[in-house]
Protein chains: 2
Amino acid sequence: MRHMSIGDLSRLTGVKPTTIRWYEAEGWLPPPARTEGGHRSYGEAHLRRLGFIRHSRELGFSMADIRALLDLADRPRDDCSAAHAIATAQIVEIDARLRRLQALRSELERMTQGCEGGHVGECRIIETLADFAHGHCADPAHG
Amino acid sequence: MRHMSIGDLSRLTGVKPTTIRWYEAEGWLPPPARTEGGHRSYGEAHLRRLGFIRHSRELGFSMADIRALLDLADRPRDDCSAAHAIATAQIVEIDARLRRLQALRSELERMTQGCEGGHVGECRIIETLADFAHGHCADPAHG
DNA sequence: GATAGGACTTCCAGCCACTGGAGGTGCAAG
DNA sequence: CTTGCACCTCCAGTGGCTGGAAGTCCTATC
């Protein structure tokens with residue numbers, strides 16, 4: 001597959017054509033060649049770069065991180081400690097999100113288990129949500 | 001505290017004044033009374049409703065969910081099974097996000113541990129990110 | 001009563017990373 | 001040659017806020 005349409009590239013990478021065009025407009029992908037009729041025509045280099053971007057996004061990196069990682073990938077002689085730092089920071093952030101989600105999960109669980117059906121007036125779920133003081137103090141900024 | 005300024009309400013709930021004004025503009029909070037000079041003046045009902053919204057947001061509910069929960073809270077004679085369903089769906093979604101984050105975390109961990117420093121050319125992190133096939137098949141849509 | 005300066009007001013643009021629709025053109029299969 | 005999908009560009013919208021500009025009000029101090 002020497003030359004690919006945007007649809008081909010989309011199927012190969014799982015990135016939607018609209019998103020691919022957006023990556024190009026924003027400078028994440030270089031503008032590809034065009035057919036006589038004006039359709040985009042991609043090569044292997046585009047496939048690799050788009051794959052890199054997609055995989056990085058799947059791992060939760062921001063576009064700013066990806067910019068840095070792509071820059072690194074383009075300079076293979078550089079030291080890779082910067083890549084290490086970016087990846088490690090990402091792990092730290094994911095750990096924080098995991099902890100937060102786990103805390104949310106257990107509060108939700110407590111909430112639903114407290115509710116034994118019946119009318120909204122006695123529903124523990126609604127009660128818990130309305131318990132503003134609790135919500136306020138559960139704020140990570142408070143502990 | 002019979003009547004509160006937007007700043008008082010903000011301090012009590014931890015919601016920024018700009019956000020409170022936005023909630024009002026979007027219909028999540030009813031427009032409060034005004035002082036002669038045009039400043040917003042809130043009562044207990046506003047405090048309760050804003051607390052409910054904030055606590056729900058902290059638990060990860062979307063504004064659409066919150067709309068439904070607020071509607072329920074306003075009709076205490078109704079059956080609360082709808083609240084139960086919304087909360088349960090939220091737990092299911094959080095579980096999915098937890099699994100996904102855990103998978104990401106372990107891939108990131110493998111990635112960084114594979115890297116032993118040195119040049120970007122041999123960096124496992126960059127290599128892994130560039131490994132588009134891997135990324136593609138890790139897509140939840142594919143398994 | 002004057003004044004300083006913070007809290008408040010409105011309006012509007014921007015954030016991130018896309019997504020989707022409208023309205024039109026290219027291209028490949030049958 | 002026709003059908004009909006894929007592609008093109010342009011632009012507006014998503015969610016849930018956030019921040020800036022430019023101006024007004026309120027309160028504490030002198």
# chains A, B, ... in the order shown; residues from 1 in each chain; ligands from 1
>>> closest_atom_pairs(of="chain D", to="chain A", cutoff="8 Å", atoms="only C-alpha atoms (C1' of nucleotides)", output="JSON lines")
{"residue": "D:DA6", "atom": "C1'", "partner": "A:Gly7", "partner_atom": "CA", "distance": 7.8}
{"residue": "D:DC7", "atom": "C1'", "partner": "A:His39", "partner_atom": "CA", "distance": 6.5}
{"residue": "D:DC8", "atom": "C1'", "partner": "A:His39", "partner_atom": "CA", "distance": 7.2}
>>> residues_around(residues="His46 of chain A", least_positions_apart="5", cutoff="9 Å", atoms="only C-alpha atoms (C1' of nucleotides)", output="list in words")
Leu9, Leu29, Pro30, Pro32 and Gly51 of chain A
>>> residues_around(residues="His3 of chain B", least_positions_apart="2", cutoff="9 Å", atoms="only C-alpha atoms (C1' of nucleotides)", output="NGL selection string")
:B and (1 or 5 or 41-44)
>>> atom_distance(atom1="atom CA of Arg97 of chain A", atom2="atom CA of Asp131 of chain B")
25.8 Å
>>> interface_residues(of="chain B", to="chain A", cutoff="7 Å", atoms="only C-alpha atoms", output="ChimeraX atom specification")
/B:13-14,48,51-52,55-56,59,72-73,76-81,83-84,87,91,94,98,101,104-105,108,112,117-121,123,125-126,129-132,135-136
>>> write_last_selection(atoms="N, CA and C atoms", output="compact mmCIF listing (two decimals), in the first residue's frame")
# COMPACT_ATOMS: atom_id res chain seq x y z
N THR B 13 -19.35 26.92 49.52
CA THR B 13 -19.49 25.71 48.71
C THR B 13 -18.21 25.30 48.01
N GLY B 14 -17.26 26.23 47.92
CA GLY B 14 -16.04 25.91 47.17
C GLY B 14 -16.23 26.03 45.66
N ARG B 48 -28.35 25.17 49.32
CA ARG B 48 -28.62 23.73 49.24
C ARG B 48 -28.50 23.22 47.82
N GLY B 51 -24.94 23.18 46.66
CA GLY B 51 -24.23 22.08 47.33
C GLY B 51 -24.53 20.75 46.68
N PHE B 52 -25.78 20.54 46.35
CA PHE B 52 -26.19 19.30 45.68
C PHE B 52 -25.45 19.15 44.34
N HIS B 55 -21.65 18.52 44.94
CA HIS B 55 -21.35 17.18 45.43
C HIS B 55 -21.53 16.15 44.31
N SER B 56 -22.57 16.32 43.53
CA SER B 56 -22.81 15.39 42.42
C SER B 56 -21.68 15.46 41.40
N LEU B 59 -18.74 13.63 42.46
CA LEU B 59 -18.89 12.18 42.31
C LEU B 59 -18.85 11.77 40.84
N LEU B 72 -35.61 14.63 40.55
CA LEU B 72 -36.06 13.65 41.54
C LEU B 72 -36.15 14.29 42.92
N ALA B 73 -35.09 14.99 43.29
CA ALA B 73 -35.05 15.61 44.62
C ALA B 73 -36.24 16.54 44.83
N PRO B 76 -40.36 14.44 46.16
CA PRO B 76 -40.00 13.45 47.20
C PRO B 76 -40.97 12.27 47.28
N ARG B 77 -42.17 12.38 46.68
CA ARG B 77 -43.12 11.27 46.76
C ARG B 77 -42.86 10.21 45.69
N ASP B 78 -42.06 10.55 44.69
CA ASP B 78 -41.80 9.58 43.63
C ASP B 78 -40.97 8.42 44.14
N ASP B 79 -41.02 7.35 43.37
CA ASP B 79 -40.19 6.19 43.67
C ASP B 79 -38.74 6.55 43.37
N CYS B 80 -37.83 6.05 44.18
CA CYS B 80 -36.44 6.47 44.01
C CYS B 80 -35.63 5.51 43.16
N SER B 81 -36.30 4.58 42.46
CA SER B 81 -35.52 3.61 41.67
C SER B 81 -34.75 4.30 40.55
N ALA B 83 -33.20 7.13 40.77
CA ALA B 83 -31.95 7.60 41.38
C ALA B 83 -30.98 6.43 41.51
N HIS B 84 -31.53 5.30 41.90
CA HIS B 84 -30.72 4.09 42.02
C HIS B 84 -30.06 3.74 40.69
N ALA B 87 -27.22 6.16 39.78
CA ALA B 87 -26.03 5.94 40.60
C ALA B 87 -25.33 4.64 40.20
N ILE B 91 -21.50 3.94 38.76
CA ILE B 91 -20.52 2.98 39.30
C ILE B 91 -19.96 2.12 38.17
N ILE B 94 -17.51 4.15 36.24
CA ILE B 94 -16.27 4.35 36.97
C ILE B 94 -15.44 3.08 36.95
N LEU B 98 -11.71 2.78 35.67
CA LEU B 98 -10.65 2.23 36.53
C LEU B 98 -9.87 1.14 35.78
N LEU B 101 -7.70 2.77 33.14
CA LEU B 101 -6.55 3.47 33.71
C LEU B 101 -5.51 2.47 34.22
N LEU B 104 -3.61 1.22 31.28
CA LEU B 104 -2.67 2.25 30.83
C LEU B 104 -1.46 2.29 31.74
N ARG B 105 -1.77 2.26 33.03
CA ARG B 105 -0.69 2.34 34.00
C ARG B 105 0.32 1.23 33.80
N LEU B 108 2.39 1.84 30.71
CA LEU B 108 3.38 2.89 30.95
C LEU B 108 4.53 2.37 31.80
N THR B 112 8.43 2.30 30.71
CA THR B 112 9.52 3.03 31.36
C THR B 112 10.56 2.06 31.92
N GLY B 117 17.89 4.25 29.84
CA GLY B 117 18.66 5.46 29.58
C GLY B 117 19.40 5.36 28.26
N GLY B 118 20.23 6.32 28.00
CA GLY B 118 20.97 6.31 26.75
C GLY B 118 20.31 7.18 25.70
N HIS B 119 20.48 6.82 24.45
CA HIS B 119 20.01 7.68 23.36
C HIS B 119 18.58 7.36 22.98
N VAL B 120 17.91 8.36 22.47
CA VAL B 120 16.54 8.21 22.03
C VAL B 120 16.43 7.09 20.99
N GLY B 121 17.46 6.95 20.19
CA GLY B 121 17.46 5.92 19.14
C GLY B 121 17.19 4.52 19.67
N CYS B 123 15.66 4.10 22.78
CA CYS B 123 14.77 4.26 23.92
C CYS B 123 13.51 3.43 23.75
N ILE B 125 10.82 3.68 25.38
CA ILE B 125 9.61 4.49 25.49
C ILE B 125 9.18 4.98 24.12
N ILE B 126 10.12 5.61 23.44
CA ILE B 126 9.83 6.12 22.10
C ILE B 126 9.46 4.98 21.16
N LEU B 129 5.93 3.80 21.83
CA LEU B 129 4.93 4.74 21.33
C LEU B 129 4.81 4.65 19.81
N ALA B 130 5.94 4.42 19.17
CA ALA B 130 5.94 4.36 17.71
C ALA B 130 5.34 3.06 17.21
N ASP B 131 5.17 2.10 18.11
CA ASP B 131 4.68 0.78 17.73
C ASP B 131 3.18 0.86 17.51
N PHE B 132 2.83 1.32 16.33
CA PHE B 132 1.45 1.66 16.05
C PHE B 132 0.53 0.43 16.10
N GLY B 135 -0.58 -0.22 19.58
CA GLY B 135 -1.57 0.75 20.01
C GLY B 135 -2.93 0.44 19.42
N HIS B 136 -2.96 0.11 18.16
CA HIS B 136 -4.20 -0.14 17.48
C HIS B 136 -4.95 -1.31 18.10
>>> residues_around(residues="DA21 of chain D", least_positions_apart="3", cutoff="12 Å", atoms="only C-alpha atoms (C1' of nucleotides)", output="PyMOL selection string")
chain C and resi 10-13
>>> write_last_selection(atoms="N, CA and C atoms (P, O5', C5', C4', C3', O3' and C1' of nucleotides)", output="CSV table (one decimal), in the first residue's frame")
chain,number,residue,atom,x,y,z
C,10,DT,P,-24.8,40.7,36.0
C,10,DT,O5',-24.1,41.3,34.7
C,10,DT,C5',-24.7,42.5,34.1
C,10,DT,C4',-24.0,42.9,32.9
C,10,DT,C3',-24.1,41.8,31.8
C,10,DT,O3',-24.5,42.4,30.6
C,10,DT,C1',-21.8,42.3,32.2
C,11,DC,P,-25.0,41.5,29.4
C,11,DC,O5',-23.7,41.4,28.5
C,11,DC,C5',-22.9,42.6,28.2
C,11,DC,C4',-21.6,42.2,27.5
C,11,DC,C3',-21.8,41.0,26.5
C,11,DC,O3',-21.2,41.4,25.3
C,11,DC,C1',-20.0,40.6,28.0
C,12,DC,P,-21.5,40.5,23.9
C,12,DC,O5',-20.1,39.9,23.6
C,12,DC,C5',-18.9,40.7,23.9
C,12,DC,C4',-17.8,39.7,24.1
C,12,DC,C3',-17.8,38.5,23.2
C,12,DC,O3',-16.6,38.3,22.5
C,12,DC,C1',-17.3,37.9,25.4
C,13,DA,P,-16.5,37.4,21.2
C,13,DA,O5',-14.9,37.1,21.2
C,13,DA,C5',-14.0,37.8,22.0
C,13,DA,C4',-13.0,36.8,22.7
C,13,DA,C3',-12.8,35.5,21.8
C,13,DA,O3',-11.3,35.3,21.8
C,13,DA,C1',-13.4,34.9,24.0
>>> atom_distance(atom1="atom CA of Met4 of chain A", atom2="atom CA of Glu24 of chain A")
15.4 Å
>>> interface_residues(of="chain C", to="chain A", cutoff="9 Å", atoms="only C-alpha atoms (C1' of nucleotides)", output="PDB file with N, CA and C atoms (P, O5', C5', C4', C3', O3' and C1' of nucleotides), in the first residue's frame")
ATOM      1  P    DA C  17      -5.242  18.117  24.685  1.00  0.00           P
ATOM      2  O5'  DA C  17      -6.143  17.332  23.627  1.00  0.00           O
ATOM      3  C5'  DA C  17      -7.140  16.471  24.124  1.00  0.00           C
ATOM      4  C4'  DA C  17      -8.187  16.262  23.077  1.00  0.00           C
ATOM      5  C3'  DA C  17      -7.645  15.944  21.671  1.00  0.00           C
ATOM      6  O3'  DA C  17      -8.345  14.836  21.168  1.00  0.00           O
ATOM      7  C1'  DA C  17      -9.276  17.547  21.548  1.00  0.00           C
ATOM      8  P    DC C  18      -7.733  13.979  19.987  1.00  0.00           P
ATOM      9  O5'  DC C  18      -8.154  14.805  18.687  1.00  0.00           O
ATOM     10  C5'  DC C  18      -9.329  14.569  17.924  1.00  0.00           C
ATOM     11  C4'  DC C  18     -10.576  14.968  18.668  1.00  0.00           C
ATOM     12  C3'  DC C  18     -11.836  14.532  17.973  1.00  0.00           C
ATOM     13  O3'  DC C  18     -12.501  13.579  18.801  1.00  0.00           O
ATOM     14  C1'  DC C  18     -11.986  16.800  18.704  1.00  0.00           C
ATOM     15  P    DT C  19     -13.451  12.486  18.047  1.00  0.00           P
ATOM     16  O5'  DT C  19     -14.717  13.334  17.579  1.00  0.00           O
ATOM     17  C5'  DT C  19     -15.704  13.711  18.524  1.00  0.00           C
ATOM     18  C4'  DT C  19     -16.796  14.466  17.803  1.00  0.00           C
ATOM     19  C3'  DT C  19     -17.299  13.785  16.522  1.00  0.00           C
ATOM     20  O3'  DT C  19     -18.650  13.479  16.752  1.00  0.00           O
ATOM     21  C1'  DT C  19     -16.983  16.119  16.202  1.00  0.00           C
ATOM     22  P    DT C  25     -19.467  21.621  -7.120  1.00  0.00           P
ATOM     23  O5'  DT C  25     -18.403  20.483  -6.849  1.00  0.00           O
ATOM     24  C5'  DT C  25     -17.077  20.852  -6.433  1.00  0.00           C
ATOM     25  C4'  DT C  25     -16.252  19.581  -6.312  1.00  0.00           C
ATOM     26  C3'  DT C  25     -16.062  18.811  -7.615  1.00  0.00           C
ATOM     27  O3'  DT C  25     -14.664  18.501  -7.690  1.00  0.00           O
ATOM     28  C1'  DT C  25     -16.866  17.380  -5.932  1.00  0.00           C
ATOM     29  P    DG C  26     -14.100  17.649  -8.955  1.00  0.00           P
ATOM     30  O5'  DG C  26     -13.836  16.254  -8.248  1.00  0.00           O
ATOM     31  C5'  DG C  26     -12.886  16.215  -7.178  1.00  0.00           C
ATOM     32  C4'  DG C  26     -12.559  14.772  -6.841  1.00  0.00           C
ATOM     33  C3'  DG C  26     -12.114  13.900  -7.986  1.00  0.00           C
ATOM     34  O3'  DG C  26     -11.083  13.088  -7.445  1.00  0.00           O
ATOM     35  C1'  DG C  26     -14.076  12.986  -7.026  1.00  0.00           C
ATOM     36  P    DC C  27     -10.164  12.183  -8.424  1.00  0.00           P
ATOM     37  O5'  DC C  27     -10.770  10.735  -8.208  1.00  0.00           O
ATOM     38  C5'  DC C  27     -11.105  10.330  -6.885  1.00  0.00           C
ATOM     39  C4'  DC C  27     -11.821   8.988  -6.920  1.00  0.00           C
ATOM     40  C3'  DC C  27     -11.475   8.095  -8.103  1.00  0.00           C
ATOM     41  O3'  DC C  27     -11.401   6.781  -7.616  1.00  0.00           O
ATOM     42  C1'  DC C  27     -13.785   8.386  -8.034  1.00  0.00           C
TER      43       DC C  27
END
>>> closest_atom_pairs(of="chain C", to="segment 26-30 of chain D", cutoff="9 Å", atoms="only C-alpha atoms (C1' of nucleotides)", output="CSV")
residue,atom,partner,partner_atom,distance
C:DA2,C1',D:DC30,C1',8.8
C:DT3,C1',D:DC30,C1',8.6
C:DA4,C1',D:DT29,C1',9.0
C:DA7,C1',D:DC26,C1',7.8
C:DC8,C1',D:DC26,C1',8.6
